[in-house]
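Next comes start.csv, a file with CSV, C-alpha atoms.
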chain,number,residue,atom,x,y,z
C,1,MET,CA,0.2,24.4,-130.9
C,2,ARG,CA,1.0,27.9,-132.0
C,3,PRO,CA,4.0,28.2,-134.3
C,4,ILE,CA,7.1,29.4,-132.5
C,5,PRO,CA,8.0,32.1,-135.1
C,6,VAL,CA,4.9,34.1,-134.0
C,7,ILE,CA,6.2,34.1,-130.5
C,8,LEU,CA,9.6,35.1,-131.7
C,9,SER,CA,8.2,38.2,-133.4
C,10,ILE,CA,6.4,39.1,-130.2
C,11,ILE,CA,9.5,38.8,-128.1
C,12,SER,CA,11.6,40.9,-130.5
C,13,VAL,CA,9.1,43.7,-130.2
C,14,VAL,CA,9.1,43.7,-126.4
C,15,CYS,CA,12.9,43.5,-126.3
C,16,SER,CA,13.1,46.8,-128.1
C,17,ALA,CA,10.3,48.4,-126.1
C,18,ALA,CA,11.5,47.3,-122.6
C,19,VAL,CA,14.3,49.9,-122.3
C,20,GLY,CA,13.0,53.2,-121.0
C,21,GLN,CA,10.2,51.7,-119.0
C,22,THR,CA,10.2,51.0,-115.2
C,23,PRO,CA,13.4,49.9,-113.5
C,24,SER,CA,12.1,46.3,-113.3
C,25,ALA,CA,11.2,46.4,-117.0
C,26,GLU,CA,14.7,47.6,-117.8
C,27,LYS,CA,16.2,44.9,-115.6
C,28,LEU,CA,14.3,42.3,-117.5
C,29,ALA,CA,15.5,43.4,-121.0
C,30,PRO,CA,18.5,41.1,-120.9
C,31,LEU,CA,16.3,38.2,-119.9
C,32,LEU,CA,14.0,38.8,-122.9
C,33,GLU,CA,17.0,39.1,-125.2
C,34,SER,CA,18.4,35.8,-123.8
C,35,TYR,CA,15.1,34.0,-124.5
C,36,ALA,CA,15.0,35.4,-128.1
C,37,GLU,CA,18.5,34.1,-128.6
C,38,GLN,CA,17.6,30.7,-127.3
C,39,ARG,CA,14.6,30.5,-129.6
C,40,ALA,CA,16.6,31.6,-132.6
C,41,MET,CA,18.8,28.4,-132.2
C,42,VAL,CA,15.8,26.1,-132.6
C,43,GLU,CA,14.7,24.4,-135.8
C,44,ASN,CA,13.4,21.4,-133.9
C,45,LEU,CA,13.8,19.6,-130.6
C,46,TYR,CA,14.0,15.9,-130.0
C,47,PHE,CA,13.6,14.3,-126.5
C,48,GLU,CA,13.6,10.8,-125.1
C,49,THR,CA,12.0,10.9,-121.6
C,50,GLU,CA,11.0,8.6,-118.8
C,51,ARG,CA,8.2,9.2,-116.3
C,52,VAL,CA,7.3,6.9,-113.4
C,53,ASP,CA,3.9,7.1,-111.6
C,54,PRO,CA,2.0,5.0,-109.2
C,55,TYR,CA,0.3,2.2,-111.0
C,56,ARG,CA,-3.4,2.4,-111.2
C,57,PRO,CA,-5.4,-0.5,-112.7
C,58,PRO,CA,-7.3,0.3,-115.9
C,59,ILE,CA,-11.0,1.0,-115.5
C,60,HIS,CA,-13.3,-1.4,-117.4
C,61,ALA,CA,-17.0,-1.0,-117.7
C,62,SER,CA,-19.0,-3.4,-115.7
C,63,SER,CA,-21.2,-6.0,-117.4
C,64,ASP,CA,-24.4,-4.3,-116.5
C,65,GLY,CA,-23.2,-0.9,-117.7
C,66,ASN,CA,-23.4,0.7,-114.2
C,67,ASP,CA,-19.8,1.2,-113.2
C,68,ARG,CA,-19.8,2.6,-109.7
C,69,ARG,CA,-16.0,2.5,-109.2
C,70,PRO,CA,-14.1,5.8,-108.7
C,71,ALA,CA,-13.0,7.7,-111.8
C,72,ILE,CA,-9.4,7.4,-110.5
C,73,PRO,CA,-8.6,4.0,-109.1
C,74,GLU,CA,-6.4,3.7,-106.0
C,75,PRO,CA,-2.7,2.9,-106.7
C,76,LEU,CA,-1.7,-0.8,-106.7
C,77,LYS,CA,0.9,-1.2,-104.0
C,78,GLY,CA,4.2,-2.6,-105.1
C,79,PHE,CA,3.9,-1.6,-108.7
C,80,SER,CA,4.7,1.5,-110.8
C,81,LEU,CA,3.8,2.7,-114.3
C,82,ARG,CA,6.8,3.7,-116.4
C,83,SER,CA,6.2,5.8,-119.5
C,84,ASP,CA,9.0,5.9,-122.1
C,85,THR,CA,8.5,8.6,-124.7
C,86,LYS,CA,10.2,9.8,-127.8
C,87,TYR,CA,9.0,13.3,-128.9
C,88,GLN,CA,10.1,15.6,-131.6
C,89,VAL,CA,8.6,19.0,-132.4
C,90,ASP,CA,9.6,21.7,-134.9
C,91,LEU,CA,9.1,25.5,-135.2
C,92,ALA,CA,5.8,25.1,-137.1
C,93,GLY,CA,4.2,22.9,-134.5
C,94,ARG,CA,4.7,19.6,-136.4
C,95,PHE,CA,5.5,16.7,-134.0
C,96,ARG,CA,6.0,13.0,-133.6
C,97,HIS,CA,5.1,11.4,-130.3
C,98,GLU,CA,5.9,7.7,-129.6
C,99,GLN,CA,5.1,6.2,-126.2
C,100,ARG,CA,5.4,2.8,-124.5
C,101,ARG,CA,4.0,2.1,-121.0
C,102,TYR,CA,5.1,-0.6,-118.7
C,103,LYS,CA,3.8,-2.0,-115.5
C,104,VAL,CA,6.8,-2.4,-113.2
C,105,ASN,CA,7.2,-4.6,-110.2
C,106,ASP,CA,9.0,-2.3,-107.7
C,107,ALA,CA,10.6,-5.2,-105.8
C,108,THR,CA,12.1,-7.1,-108.8
C,109,GLY,CA,12.3,-4.4,-111.5
C,110,ASP,CA,10.5,-6.8,-113.9
C,111,SER,CA,8.2,-5.0,-116.3
C,112,VAL,CA,5.5,-5.9,-118.8
C,113,MET,CA,4.1,-3.6,-121.5
C,114,GLU,CA,0.8,-2.2,-120.3
C,115,ALA,CA,-0.8,-1.6,-123.7
C,116,ARG,CA,0.1,-1.4,-127.4
C,117,PRO,CA,2.6,1.4,-128.2
C,118,GLN,CA,1.1,4.7,-129.2
C,119,TYR,CA,2.2,6.7,-132.2
C,120,VAL,CA,0.8,10.2,-132.7
C,121,SER,CA,2.0,12.7,-135.3
C,122,PHE,CA,1.0,16.0,-137.0
C,123,ASP,CA,2.7,16.8,-140.3
C,124,GLY,CA,1.2,20.3,-140.7
C,125,GLN,CA,-2.0,19.1,-142.3
C,126,LEU,CA,-3.2,15.8,-140.8
C,127,TYR,CA,-3.1,14.2,-137.4
C,128,HIS,CA,-2.4,10.4,-137.2
C,129,SER,CA,-3.1,8.6,-133.9
C,130,LEU,CA,-2.1,5.0,-134.0
C,131,ARG,CA,-1.9,2.0,-131.6
C,132,TYR,CA,-0.5,-1.2,-133.0
C,133,SER,CA,1.8,-4.1,-132.4
C,134,GLN,CA,3.5,-6.8,-134.4
C,135,LYS,CA,2.5,-10.4,-133.9
C,136,SER,CA,4.8,-13.4,-133.8
C,137,ASP,CA,4.0,-14.3,-137.4
C,138,GLY,CA,5.1,-10.8,-138.5
C,139,THR,CA,1.7,-9.4,-139.2
C,140,TYR,CA,0.3,-6.4,-137.4
C,141,SER,CA,-2.8,-5.7,-135.3
C,142,GLY,CA,-4.2,-2.4,-134.1
C,143,MET,CA,-6.1,0.7,-134.9
C,144,GLY,CA,-5.7,4.3,-135.8
C,145,THR,CA,-7.4,7.6,-136.6
C,146,ILE,CA,-6.6,10.2,-139.2
C,147,PHE,CA,-8.1,13.7,-138.9
C,148,THR,CA,-7.6,17.4,-139.6
C,149,PRO,CA,-6.9,20.2,-137.1
C,150,GLU,CA,-10.6,21.2,-137.3
C,151,PHE,CA,-11.5,18.0,-135.3
C,152,ASP,CA,-11.3,18.7,-131.6
C,153,PHE,CA,-9.7,15.5,-130.6
C,154,ASN,CA,-7.3,15.0,-127.6
C,155,VAL,CA,-4.7,13.1,-129.5
C,156,VAL,CA,-2.2,12.3,-126.7
C,157,GLY,CA,-4.2,12.7,-123.6
C,158,PRO,CA,-3.1,14.7,-120.6
C,159,GLU,CA,0.6,14.0,-121.2
C,160,ILE,CA,3.4,16.0,-119.7
C,161,LYS,CA,6.0,16.3,-122.4
C,162,ALA,CA,9.5,17.9,-122.2
C,163,PRO,CA,8.5,21.2,-123.9
C,164,PHE,CA,6.1,21.7,-121.0
C,165,PHE,CA,9.2,22.6,-119.0
C,166,MET,CA,10.5,25.1,-121.6
C,167,ASP,CA,8.3,28.1,-120.8
C,168,HIS,CA,10.7,30.6,-122.3
C,169,ILE,CA,10.1,29.0,-125.7
C,170,PHE,CA,6.6,27.5,-125.6
C,171,ASN,CA,4.5,29.4,-123.0
C,172,GLU,CA,2.5,32.2,-124.7
C,173,ASP,CA,1.5,33.6,-121.3
C,174,LEU,CA,5.1,34.4,-120.4
C,175,VAL,CA,5.6,37.6,-122.5
C,176,PRO,CA,2.5,39.3,-121.2
C,177,PHE,CA,3.5,38.5,-117.7
C,178,LEU,CA,7.0,39.8,-118.1
C,179,THR,CA,5.9,43.0,-119.7
C,180,ALA,CA,3.1,43.9,-117.3
C,181,SER,CA,3.3,47.5,-116.0
C,182,ASP,CA,3.5,46.3,-112.4
C,183,ILE,CA,6.1,43.6,-112.8
C,184,GLN,CA,8.7,43.4,-109.9
C,185,VAL,CA,12.1,41.9,-109.7
C,186,LEU,CA,13.6,40.9,-106.4
C,187,GLU,CA,17.1,39.7,-106.1
C,188,GLN,CA,17.6,36.8,-103.7
C,189,ALA,CA,20.6,36.0,-101.5
C,190,ASP,CA,21.4,32.9,-103.6
C,191,GLY,CA,21.7,35.1,-106.8
C,192,THR,CA,18.3,34.1,-108.2
C,193,TRP,CA,15.6,36.5,-109.1
C,194,LYS,CA,12.0,36.3,-108.0
C,195,VAL,CA,9.8,37.9,-110.7
C,196,ALA,CA,6.2,38.7,-109.8
C,197,ARG,CA,3.5,41.3,-110.3
C,198,GLU,CA,2.4,43.6,-107.5
C,199,SER,CA,-1.1,42.3,-107.8
C,200,THR,CA,-2.3,39.1,-109.5
C,201,PRO,CA,-5.3,39.5,-111.9
C,202,ASP,CA,-8.2,37.0,-111.5
C,203,ASP,CA,-7.5,35.6,-115.0
C,204,ALA,CA,-3.7,35.3,-114.5
C,205,LYS,CA,-2.0,32.0,-115.4
C,206,ILE,CA,1.4,32.9,-114.0
C,207,LYS,CA,1.9,34.1,-110.4
C,208,GLU,CA,5.7,34.0,-109.9
C,209,LEU,CA,9.0,33.0,-111.6
C,210,THR,CA,12.4,32.1,-110.2
C,211,VAL,CA,15.2,32.7,-112.8
C,212,ARG,CA,18.9,32.2,-112.7
C,213,PRO,CA,20.8,35.1,-114.3
C,214,ASP,CA,24.0,33.0,-114.3
C,215,MET,CA,22.3,30.5,-116.6
C,216,ASN,CA,21.0,32.9,-119.3
C,217,PHE,CA,18.0,33.6,-117.1
C,218,MET,CA,16.6,30.1,-117.3
C,219,ILE,CA,13.4,29.6,-115.3
C,220,THR,CA,14.0,27.2,-112.5
C,221,GLU,CA,10.6,27.5,-110.9
C,222,ILE,CA,7.2,28.8,-112.1
C,223,ARG,CA,4.1,29.1,-109.9
C,224,GLY,CA,0.7,29.8,-111.2
C,225,PHE,CA,-2.9,28.7,-111.6
C,226,TRP,CA,-3.8,25.5,-113.3
C,227,SER,CA,-7.5,26.2,-113.1
C,228,PRO,CA,-9.7,28.2,-110.7
C,229,GLY,CA,-8.9,27.1,-107.2
C,230,LEU,CA,-6.0,24.8,-108.3
C,231,ASP,CA,-2.4,26.1,-107.9
C,232,PHE,CA,0.6,24.6,-109.6
C,233,SER,CA,4.3,24.8,-109.4
C,234,LYS,CA,6.9,23.6,-111.9
C,235,THR,CA,10.6,23.2,-111.1
C,236,VAL,CA,13.2,22.5,-113.7
C,237,LYS,CA,16.8,21.4,-113.8
C,238,HIS,CA,18.7,22.4,-116.9
C,239,LYS,CA,21.6,21.2,-118.9
C,240,ARG,CA,23.7,23.5,-121.2
C,241,LEU,CA,24.9,22.4,-124.6
C,242,SER,CA,28.3,23.5,-126.0
C,243,ASN,CA,26.6,26.2,-128.1
C,244,GLY,CA,24.9,27.8,-125.1
C,245,PHE,CA,21.5,26.3,-125.6
C,246,TYR,CA,19.7,25.1,-122.4
C,247,HIS,CA,17.3,22.2,-122.3
C,248,PRO,CA,15.5,20.6,-119.3
C,249,GLU,CA,17.2,17.6,-117.7
C,250,GLN,CA,14.4,17.0,-115.2
C,251,GLY,CA,11.0,18.7,-114.7
C,252,VAL,CA,8.7,18.3,-111.7
C,253,LEU,CA,5.0,19.3,-111.7
C,254,GLN,CA,3.1,19.7,-108.5
C,255,LEU,CA,-0.7,20.4,-108.4
C,256,SER,CA,-1.8,21.8,-105.0
C,257,GLY,CA,-0.4,18.8,-103.2
C,258,LEU,CA,-2.8,16.6,-105.1
C,259,MET,CA,-0.4,15.2,-107.7
C,260,ARG,CA,3.4,15.2,-108.3
C,261,ALA,CA,4.8,14.1,-111.6
C,262,THR,CA,8.5,13.9,-112.5
C,263,LEU,CA,9.8,13.8,-116.0
C,264,ASP,CA,13.4,12.7,-116.6
C,265,ILE,CA,15.0,13.7,-120.0
C,266,LYS,CA,17.2,10.8,-120.9
C,267,SER,CA,18.4,12.1,-124.3
C,268,PHE,CA,18.1,15.4,-126.1
C,269,GLU,CA,19.1,16.6,-129.5
C,270,LEU,CA,18.8,20.1,-130.9
C,271,ASN,CA,17.8,20.3,-134.6
C,272,ALA,CA,17.7,16.5,-135.1
C,273,ASP,CA,17.1,14.9,-138.5
C,274,ASP,CA,13.4,15.3,-139.5
C,275,SER,CA,13.4,13.8,-142.9
C,276,HIS,CA,10.6,11.6,-141.7
C,277,GLY,CA,8.3,14.6,-142.4
C,278,TYR,CA,6.6,14.1,-139.0
C,279,GLU,CA,4.8,11.0,-140.0
C,280,PHE,CA,4.8,7.4,-138.8
C,281,PRO,CA,4.5,4.6,-141.4
C,282,ILE,CA,1.2,2.8,-141.1
C,283,PRO,CA,1.8,-0.9,-141.4
C,284,PRO,CA,-0.6,-3.2,-143.3
C,285,GLY,CA,-3.6,-4.8,-141.4
C,286,ILE,CA,-4.4,-1.7,-139.2
C,287,HIS,CA,-8.0,-0.7,-138.8
C,288,ILE,CA,-8.3,3.0,-139.7
C,289,ASP,CA,-11.0,5.6,-139.1
C,290,ASP,CA,-10.1,8.3,-141.6
C,291,TYR,CA,-11.7,11.8,-141.3
C,292,SER,CA,-9.3,13.6,-143.5
C,293,THR,CA,-11.9,14.5,-146.1
C,294,GLY,CA,-14.5,15.6,-143.5
C,295,VAL,CA,-16.4,12.3,-143.9
C,296,ARG,CA,-15.6,9.2,-141.9
C,297,LYS,CA,-14.1,6.4,-143.9
C,298,THR,CA,-13.3,3.0,-142.3
C,299,TYR,CA,-10.9,0.5,-143.8
C,300,TYR,CA,-8.0,-1.8,-143.1
C,301,THR,CA,-4.7,-0.8,-144.6
C,302,LYS,CA,-3.2,-3.0,-147.2
C,303,THR,CA,0.0,-1.2,-147.8
C,304,ALA,CA,2.3,0.9,-145.7
C,305,ASP,CA,1.0,4.1,-147.2
C,306,ALA,CA,-2.5,3.4,-146.0
C,307,SER,CA,-4.1,3.0,-149.4
C,308,ASN,CA,-6.9,0.4,-149.6

With the file now loaded, output its structure as structure tokens.
Amino acid sequence: MRPIPVILSIISVVCSAAVGQTPSAEKLAPLLESYAEQRAMVENLYFETERVDPYRPPIHASSDGNDRRPAIPEPLKGFSLRSDTKYQVDLAGRFRHEQRRYKVNDATGDSVMEARPQYVSFDGQLYHSLRYSQKSDGTYSGMGTIFTPEFDFNVVGPEIKAPFFMDHIFNEDLVPFLTASDIQVLEQADGTWKVARESTPDDAKIKELTVRPDMNFMITEIRGFWSPGLDFSKTVKHKRLSNGFYHPEQGVLQLSGLMRATLDIKSFELNADDSHGYEFPIPPGIHIDDYSTGVRKTYYTKTADASN
């Protein structure tokens, strides 16, 4: 993740440069200033979220190694997959991501954990990706990986986290879109603004925004291109804190009618305690693949600090 201070410096420049350009650019100057003010409030963000999807059985390789089943299994009727996530991220891109997944019986509401809890973190130098659980005798079982940013690992998979719905803080494509020479602002009957370019470049990521001037120009919908030939839309409901900071309360992602995902933010804290240093303790007995020195080391942890 690119550190937010870099984006802050960009937005400060465009705020000062916007006045004196086209009428639409001048109209957007308060919007850019509002986003800069929102970013300036942030040291870190903490979310607790819930996402419910259709339950799809895990794919297991067949005994003969020739698995002919579809890459994405059909949903199992009567069941859902609930993902409960705790996520904290700071200005420098350090983060902690803790997730538990449950198979839920839609009729009874009963649930069972689908897999071991996942703990992923980045402390500014090293990534830790862990899956473990505690057994009835108090010991732990599980595995983990430690590696540097140079390793091209997908540490949390294609997850949709709360910052995904905070484009005014995290989306690096937003400023170039808002400062394009052909940007247009259309006021709607309901008071919202539609913001779009006269023509959409082939390599564009953003196609159109809907913003609410009465909510510090928060983005309530964004449409664009997920990949060539695949459109997306994001809609966001916001909640305002007493200090004027807005955070998502619910976000919905739609991919060309193929997929719809809803993320509910159950709890939010601005500038939460981060004395944990964006690390998770590694319990004893965990099998570790350690790439932190550039060479793989494999061991079982004997102490909570992963020494062996």

#### Entry: Shell around Asn105 in chain C at 8 Å using all atoms listed in the file, local window under 3 positions removed, as a list in words
Gly78, Phe79, Ser80, Thr108, Gly109, Asp110 and Ser111 of chain C

### Task
Rank nothing, just name the residue among C:Val175, C:Met166, C:Ala261, C:Ala204 nearest to Glu221 in chain C, using only C-alpha atoms.
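Of the candidates, the smallest distance to Glu221 in chain C is held by C:Met166.
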
### Protein/DNA/RNA residues near (8.6, 7.2, -131.5), cut 12 Å, only C-alpha atoms, as a PyMOL selection string
chain C and resi 46-49+84-89+95-100+117-121+130-131+276+278-281

### Task
Enter the distance from CA of Tyr140 in chain C to CA of Ala115 in chain C, in Å, rounded to one decimal.
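Here the two named atoms are 14.6 Å from each other.
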
Kindly compute an axis-aligned box around the listed atoms of range 161-180 of chain C, allowing 4 Å on each side, and express its centre and edge lengths in Å to one decimal as lines of an AutoDock Vina configuration file.
center_x = 6.1
center_y = 30.1
center_z = -121.5
size_x = 17.2
size_y = 35.6
size_z = 16.4

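Proximity to Asp273 in chain C was assessed for C:Leu32, C:Ile183, C:Leu45, C:Ile206 counting all atoms listed in the file; the smallest distance is recorded for C:Leu45.
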
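For the choices C:Ser129, C:Ser24, C:Ser242, C:Ser34, the atom-to-atom distance to Leu178 in chain C is smallest for C:Ser24 when using only C-alpha atoms.
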
### Message
Would you compute the distance between CA of Ile219 in chain C and CA of Leu174 in chain C? Give it in Å to one decimal.
### Response
10.9 Å

### Query
When you draw a straight line from CA of Met259 in chain C to CA of Thr192 in chain C, how long is it in Å?
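Here the two named atoms are 26.6 Å from each other.
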
### For Leu31 in chain C, the nearest of the candidates C:Leu230, C:Leu81, C:Val252, C:Val185, counting only C-alpha atoms
C:Val185

### Task
Please provide as a list of chain:residue names all residues within 9 Å of Arg82 in chain C, with the sequence filter that same-chain residues fewer than 2 positions apart are discarded (counting all atoms listed in the file).
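My reading of the contact set: C:Glu50, C:Arg51, C:Val52, C:Asp53, C:Pro54, C:Tyr55, C:Ser80, C:Asp84, C:Arg100, C:Arg101, C:Tyr102, C:Lys103, C:Val104, C:Ser111.
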
### Message
Let me make sure I understand: among C:Ala29, C:Leu126, C:Met143, C:Leu263, which one has the smallest atom-to-atom distance to Ser83 in chain C if we use all atoms listed in the file?
### Response
C:Leu263

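The closest residue to Asp90 in chain C, picked from C:Pro58, C:Pro149, C:Pro163, C:Pro30 and counting only C-alpha atoms, is C:Pro163.
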
### Message
Taking 6 positions as the minimum chain separation for residues in the same chain, which residues sit within 10 Å of Ile288 in chain C when counting only C-alpha atoms? Answer as a PyMOL selection string.
### Response
chain C and resi 128-130+142-146+282+296-301+306

Could those selected residues go to a file with C-alpha atoms, as a PDB file, in the frame of the given file?
ATOM      1  CA  HIS C 128      -2.400  10.400-137.200  1.00  0.00           C
ATOM      2  CA  SER C 129      -3.100   8.600-133.900  1.00  0.00           C
ATOM      3  CA  LEU C 130      -2.100   5.000-134.000  1.00  0.00           C
ATOM      4  CA  GLY C 142      -4.200  -2.400-134.100  1.00  0.00           C
ATOM      5  CA  MET C 143      -6.100   0.700-134.900  1.00  0.00           C
ATOM      6  CA  GLY C 144      -5.700   4.300-135.800  1.00  0.00           C
ATOM      7  CA  THR C 145      -7.400   7.600-136.600  1.00  0.00           C
ATOM      8  CA  ILE C 146      -6.600  10.200-139.200  1.00  0.00           C
ATOM      9  CA  ILE C 282       1.200   2.800-141.100  1.00  0.00           C
ATOM     10  CA  ARG C 296     -15.600   9.200-141.900  1.00  0.00           C
ATOM     11  CA  LYS C 297     -14.100   6.400-143.900  1.00  0.00           C
ATOM     12  CA  THR C 298     -13.300   3.000-142.300  1.00  0.00           C
ATOM     13  CA  TYR C 299     -10.900   0.500-143.800  1.00  0.00           C
ATOM     14  CA  TYR C 300      -8.000  -1.800-143.100  1.00  0.00           C
ATOM     15  CA  THR C 301      -4.700  -0.800-144.600  1.00  0.00           C
ATOM     16  CA  ALA C 306      -2.500   3.400-146.000  1.00  0.00           C
TER      17      ALA C 306
END

Start from the incomplete input, build N, CA and C atoms for range 22-33 of chain C, and deliver everything as a PDB file, keeping the file's coordinate frame.
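The new file selection-v9.pdb reads:
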ATOM      1  N   THR C  22       9.876  50.991-116.646  1.00  0.00           N
ATOM      2  CA  THR C  22      10.200  51.000-115.200  1.00  0.00           C
ATOM      3  C   THR C  22      11.526  50.322-114.984  1.00  0.00           C
ATOM      4  N   PRO C  23      12.135  50.557-113.795  1.00  0.00           N
ATOM      5  CA  PRO C  23      13.400  49.900-113.500  1.00  0.00           C
ATOM      6  C   PRO C  23      13.340  48.383-113.623  1.00  0.00           C
ATOM      7  N   SER C  24      12.225  47.781-113.184  1.00  0.00           N
ATOM      8  CA  SER C  24      12.100  46.300-113.300  1.00  0.00           C
ATOM      9  C   SER C  24      12.031  45.913-114.768  1.00  0.00           C
ATOM     10  N   ALA C  25      11.326  46.689-115.593  1.00  0.00           N
ATOM     11  CA  ALA C  25      11.200  46.400-117.000  1.00  0.00           C
ATOM     12  C   ALA C  25      12.617  46.451-117.668  1.00  0.00           C
ATOM     13  N   GLU C  26      13.380  47.471-117.307  1.00  0.00           N
ATOM     14  CA  GLU C  26      14.700  47.600-117.800  1.00  0.00           C
ATOM     15  C   GLU C  26      15.598  46.430-117.386  1.00  0.00           C
ATOM     16  N   LYS C  27      15.426  46.018-116.161  1.00  0.00           N
ATOM     17  CA  LYS C  27      16.200  44.900-115.600  1.00  0.00           C
ATOM     18  C   LYS C  27      15.912  43.611-116.358  1.00  0.00           C
ATOM     19  N   LEU C  28      14.667  43.486-116.851  1.00  0.00           N
ATOM     20  CA  LEU C  28      14.300  42.300-117.500  1.00  0.00           C
ATOM     21  C   LEU C  28      14.644  42.256-119.016  1.00  0.00           C
ATOM     22  N   ALA C  29      15.122  43.379-119.547  1.00  0.00           N
ATOM     23  CA  ALA C  29      15.500  43.400-121.000  1.00  0.00           C
ATOM     24  C   ALA C  29      16.504  42.370-121.354  1.00  0.00           C
ATOM     25  N   PRO C  30      17.588  42.175-120.570  1.00  0.00           N
ATOM     26  CA  PRO C  30      18.500  41.100-120.900  1.00  0.00           C
ATOM     27  C   PRO C  30      17.906  39.716-120.894  1.00  0.00           C
ATOM     28  N   LEU C  31      16.961  39.515-119.991  1.00  0.00           N
ATOM     29  CA  LEU C  31      16.300  38.200-119.900  1.00  0.00           C
ATOM     30  C   LEU C  31      15.489  37.974-121.212  1.00  0.00           C
ATOM     31  N   LEU C  32      14.731  38.963-121.667  1.00  0.00           N
ATOM     32  CA  LEU C  32      14.000  38.800-122.900  1.00  0.00           C
ATOM     33  C   LEU C  32      14.874  38.585-124.094  1.00  0.00           C
ATOM     34  N   GLU C  33      16.013  39.273-124.110  1.00  0.00           N
ATOM     35  CA  GLU C  33      17.000  39.100-125.200  1.00  0.00           C
ATOM     36  C   GLU C  33      17.553  37.674-125.183  1.00  0.00           C
TER      37      GLU C  33
END
